[in-house]
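Enquirer: Pasting run.csv here (CSV, N, CA and C atoms):
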chain,number,residue,atom,x,y,z
A,1,MET,N,104.5,106.0,204.8
A,1,MET,CA,103.1,105.5,204.7
A,1,MET,C,102.3,106.3,203.7
A,2,GLN,N,102.6,107.6,203.6
A,2,GLN,CA,101.9,108.4,202.6
A,2,GLN,C,102.2,108.0,201.2
A,3,ALA,N,103.5,107.6,201.0
A,3,ALA,CA,103.9,107.2,199.6
A,3,ALA,C,103.2,105.9,199.2
A,4,ARG,N,103.0,105.0,200.2
A,4,ARG,CA,102.3,103.8,199.9
A,4,ARG,C,100.9,104.0,199.5
A,5,GLY,N,100.3,104.9,200.3
A,5,GLY,CA,98.9,105.3,200.0
A,5,GLY,C,98.7,106.0,198.6
A,6,GLU,N,99.7,106.8,198.3
A,6,GLU,CA,99.7,107.5,197.0
A,6,GLU,C,99.9,106.5,195.8
A,7,SER,N,100.8,105.5,196.0
A,7,SER,CA,101.1,104.5,195.0
A,7,SER,C,99.8,103.6,194.8
A,8,GLU,N,99.2,103.3,195.9
A,8,GLU,CA,97.9,102.5,195.9
A,8,GLU,C,96.8,103.2,195.1
A,9,ALA,N,96.8,104.5,195.4
A,9,ALA,CA,95.8,105.3,194.7
A,9,ALA,C,96.1,105.4,193.3
A,10,LEU,N,97.3,105.6,192.9
A,10,LEU,CA,97.7,105.6,191.5
A,10,LEU,C,97.4,104.3,190.8
A,11,ALA,N,97.7,103.2,191.5
A,11,ALA,CA,97.4,101.9,190.9
A,11,ALA,C,95.9,101.7,190.7
A,12,LEU,N,95.2,102.2,191.7
A,12,LEU,CA,93.7,102.1,191.5
A,12,LEU,C,93.2,103.0,190.4
A,13,GLN,N,93.8,104.2,190.2
A,13,GLN,CA,93.4,105.0,189.1
A,13,GLN,C,93.7,104.4,187.7
A,14,LEU,N,94.9,103.7,187.7
A,14,LEU,CA,95.3,103.0,186.5
A,14,LEU,C,94.4,101.9,186.2
A,15,LEU,N,94.0,101.1,187.2
A,15,LEU,CA,93.1,100.0,187.0
A,15,LEU,C,91.7,100.5,186.5
A,16,VAL,N,91.2,101.6,187.1
A,16,VAL,CA,89.9,102.1,186.7
A,16,VAL,C,90.0,102.6,185.2
A,17,ALA,N,91.1,103.3,184.9
A,17,ALA,CA,91.3,103.7,183.5
A,17,ALA,C,91.4,102.5,182.5
A,18,GLN,N,92.0,101.5,182.9
A,18,GLN,CA,92.2,100.3,182.1
A,18,GLN,C,90.8,99.7,181.9
A,19,ARG,N,90.0,99.6,183.0
A,19,ARG,CA,88.7,99.0,182.9
A,19,ARG,C,87.8,99.8,182.0
A,20,ALA,N,87.9,101.1,182.1
A,20,ALA,CA,87.1,102.0,181.2
A,20,ALA,C,87.5,101.8,179.8
A,21,ARG,N,88.8,101.7,179.5
A,21,ARG,CA,89.2,101.4,178.1
A,21,ARG,C,88.7,100.1,177.6
A,22,GLN,N,88.7,99.1,178.5
A,22,GLN,CA,88.2,97.8,178.1
A,22,GLN,C,86.7,97.9,177.8
A,23,ARG,N,85.9,98.6,178.6
A,23,ARG,CA,84.5,98.8,178.4
A,23,ARG,C,84.2,99.5,177.1
A,24,ASP,N,85.0,100.5,176.8
A,24,ASP,CA,84.9,101.3,175.5
A,24,ASP,C,85.2,100.3,174.3
A,25,LEU,N,86.2,99.5,174.5
A,25,LEU,CA,86.6,98.6,173.4
A,25,LEU,C,85.5,97.6,173.2
A,26,GLN,N,84.9,97.1,174.3
A,26,GLN,CA,83.8,96.1,174.2
A,26,GLN,C,82.6,96.7,173.5
A,27,ARG,N,82.3,98.0,173.9
A,27,ARG,CA,81.2,98.7,173.3
A,27,ARG,C,81.4,98.8,171.8
A,28,ASP,N,82.6,99.2,171.4
A,28,ASP,CA,83.0,99.4,170.0
A,28,ASP,C,82.9,98.1,169.2
A,29,VAL,N,83.4,97.1,169.8
A,29,VAL,CA,83.3,95.7,169.2
A,29,VAL,C,81.9,95.3,169.0
A,30,ALA,N,81.1,95.5,170.0
A,30,ALA,CA,79.6,95.1,170.0
A,30,ALA,C,78.9,95.9,168.9
A,31,PHE,N,79.2,97.2,168.8
A,31,PHE,CA,78.6,98.0,167.8
A,31,PHE,C,79.0,97.6,166.4
A,32,LYS,N,80.3,97.3,166.2
A,32,LYS,CA,80.8,96.9,164.9
A,32,LYS,C,80.2,95.5,164.5
A,33,ALA,N,80.1,94.6,165.5
A,33,ALA,CA,79.4,93.3,165.3
A,33,ALA,C,78.0,93.5,164.8
A,34,GLY,N,77.3,94.4,165.5
A,34,GLY,CA,75.9,94.6,165.2
A,34,GLY,C,75.8,95.2,163.8
A,35,THR,N,76.6,96.1,163.4
A,35,THR,CA,76.6,96.7,162.1
A,35,THR,C,76.9,95.7,161.0
A,36,LEU,N,77.9,94.8,161.3
A,36,LEU,CA,78.3,93.7,160.4
A,36,LEU,C,77.1,92.8,160.2
A,37,LEU,N,76.4,92.4,161.3
A,37,LEU,CA,75.3,91.5,161.2
A,37,LEU,C,74.2,92.2,160.3
A,38,ALA,N,73.9,93.5,160.5
A,38,ALA,CA,72.9,94.2,159.8
A,38,ALA,C,73.3,94.2,158.3
A,39,ASP,N,74.6,94.4,158.0
A,39,ASP,CA,75.1,94.4,156.6
A,39,ASP,C,74.9,93.0,156.0
A,40,LEU,N,75.2,92.0,156.8
A,40,LEU,CA,75.1,90.7,156.2
A,40,LEU,C,73.6,90.3,156.0
A,41,GLY,N,72.8,90.8,156.9
A,41,GLY,CA,71.3,90.6,156.7
A,41,GLY,C,70.9,91.3,155.4
A,42,SER,N,71.4,92.5,155.2
A,42,SER,CA,71.0,93.2,153.9
A,42,SER,C,71.5,92.5,152.7
A,43,GLN,N,72.7,92.0,152.8
A,43,GLN,CA,73.3,91.2,151.7
A,43,GLN,C,72.5,90.0,151.4
A,44,ALA,N,72.1,89.3,152.5
A,44,ALA,CA,71.4,88.1,152.4
A,44,ALA,C,70.0,88.4,151.7
A,45,ARG,N,69.4,89.4,152.2
A,45,ARG,CA,68.1,89.8,151.6
A,45,ARG,C,68.3,90.1,150.1
A,46,ALA,N,69.3,90.8,149.8
A,46,ALA,CA,69.6,91.2,148.4
A,46,ALA,C,69.9,89.9,147.6
A,47,ALA,N,70.6,88.9,148.1
A,47,ALA,CA,70.8,87.7,147.5
A,47,ALA,C,69.5,86.9,147.3
A,48,ASP,N,68.7,86.9,148.3
A,48,ASP,CA,67.4,86.3,148.2
A,48,ASP,C,66.5,86.9,147.1
A,49,LEU,N,66.6,88.2,147.0
A,49,LEU,CA,65.8,88.9,145.9
A,49,LEU,C,66.4,88.6,144.5
A,50,ASP,N,67.7,88.5,144.4
A,50,ASP,CA,68.3,88.1,143.2
A,50,ASP,C,67.9,86.7,142.8
A,51,LEU,N,67.9,85.8,143.7
A,51,LEU,CA,67.4,84.4,143.5
A,51,LEU,C,66.0,84.4,143.1
A,52,LEU,N,65.2,85.2,143.7
A,52,LEU,CA,63.7,85.2,143.4
A,52,LEU,C,63.5,85.7,142.0
A,53,VAL,N,64.3,86.8,141.6
A,53,VAL,CA,64.2,87.3,140.2
A,53,VAL,C,64.6,86.2,139.2
A,54,THR,N,65.7,85.5,139.5
A,54,THR,CA,66.2,84.5,138.6
A,54,THR,C,65.1,83.4,138.5
A,55,LEU,N,64.5,83.0,139.6
A,55,LEU,CA,63.5,81.9,139.5
A,55,LEU,C,62.3,82.4,138.7
A,56,LEU,N,61.9,83.7,138.9
A,56,LEU,CA,60.8,84.2,138.2
A,56,LEU,C,61.1,84.3,136.7
A,57,ASP,N,62.3,84.6,136.3
A,57,ASP,CA,62.7,84.6,134.9
A,57,ASP,C,62.7,83.2,134.3
A,58,LEU,N,63.1,82.2,135.1
A,58,LEU,CA,63.1,80.8,134.6
A,58,LEU,C,61.6,80.4,134.5
A,59,ALA,N,60.8,80.8,135.4
A,59,ALA,CA,59.4,80.4,135.3
A,59,ALA,C,58.7,81.0,134.1
A,60,ALA,N,59.1,82.3,133.9
A,60,ALA,CA,58.5,83.0,132.7
A,60,ALA,C,59.0,82.3,131.4
A,61,ALA,N,60.2,82.0,131.3
A,61,ALA,CA,60.8,81.3,130.1
A,61,ALA,C,60.1,80.0,129.9
A,62,GLU,N,59.9,79.2,131.0
A,62,GLU,CA,59.2,77.9,130.9
A,62,GLU,C,57.7,78.1,130.5
A,63,ALA,N,57.1,79.1,131.0
A,63,ALA,CA,55.7,79.4,130.6
A,63,ALA,C,55.6,79.8,129.1
A,64,GLU,N,56.6,80.5,128.6
A,64,GLU,CA,56.7,80.9,127.2
A,64,GLU,C,56.9,79.6,126.4
A,65,ARG,N,57.7,78.7,126.8
A,65,ARG,CA,57.9,77.5,126.1
A,65,ARG,C,56.6,76.7,126.0
A,66,GLU,N,56.0,76.6,127.2
A,66,GLU,CA,54.7,75.8,127.2
A,66,GLU,C,53.7,76.5,126.3
A,67,ARG,N,53.6,77.8,126.3
A,67,ARG,CA,52.7,78.5,125.5
A,67,ARG,C,53.0,78.2,124.0
A,68,GLY,N,54.3,78.1,123.7
A,68,GLY,CA,54.7,77.8,122.3
A,68,GLY,C,54.3,76.4,122.0
A,69,ARG,N,54.4,75.4,122.9
A,69,ARG,CA,54.0,74.1,122.6
A,69,ARG,C,52.5,73.9,122.4
A,70,TRP,N,51.8,74.6,123.3
A,70,TRP,CA,50.3,74.5,123.2
A,70,TRP,C,49.8,75.2,122.0
A,71,GLY,N,50.5,76.3,121.6
A,71,GLY,CA,50.2,77.0,120.4
A,71,GLY,C,50.4,76.2,119.2
A,72,ASP,N,51.6,75.5,119.2
A,72,ASP,CA,51.9,74.6,118.0
A,72,ASP,C,50.9,73.4,117.9
A,73,ALA,N,50.5,72.9,119.1
A,73,ALA,CA,49.6,71.8,119.1
A,73,ALA,C,48.2,72.2,118.6
A,74,ALA,N,47.8,73.5,118.9
A,74,ALA,CA,46.5,73.9,118.5
A,74,ALA,C,46.5,74.2,117.0
A,75,ASP,N,47.6,74.5,116.4
A,75,ASP,CA,47.6,74.8,115.0
A,75,ASP,C,47.5,73.6,114.1
Show me this structure written as structure tokens.
Expert:
Amino acid sequence: MQARGESEALALQLLVAQRARQRDLQRDVAFKAGTLLADLGSQARAADLDLLVTLLDLAAAEAERERGRWGDAAD
């Protein structure tokens, strides 16, 4: 009877240890996912800023062309 109790206790300890490892793994995965999302957000903001700079460059070039056309028309 004592052997059965000891084996049940050992099985319970193994189960508790397994659950603890699963929780640790879930916590690690959640942390990594959060970090990845933050990195993707930073990359998306950087891409948005790059696009904004490109659009501003295009607008400035267009304004320069318009200024040239109006300057030519005034001459």
Enquirer: Enter the distance from atom N of Leu58 in chain A to CA of Ala46 in chain A, in Å, rounded to one decimal.
Expert: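 For atom N of Leu58 in chain A relative to CA of Ala46 in chain A, the distance reads 17.3 Å.
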Enquirer: Rounded to one decimal place, report the atom N of Leu37 in chain A-atom C of Leu25 in chain A distance in Å.
Expert: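 Value for the atom N of Leu37 in chain A-atom C of Leu25 in chain A distance: 15.9 Å.
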Enquirer: Between atom C of Gln26 in chain A and atom C of Leu12 in chain A, what distance in Å does the model show, to one decimal?
Expert: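 Computing the Euclidean distance for atom C of Gln26 in chain A and atom C of Leu12 in chain A yields 20.9 Å.
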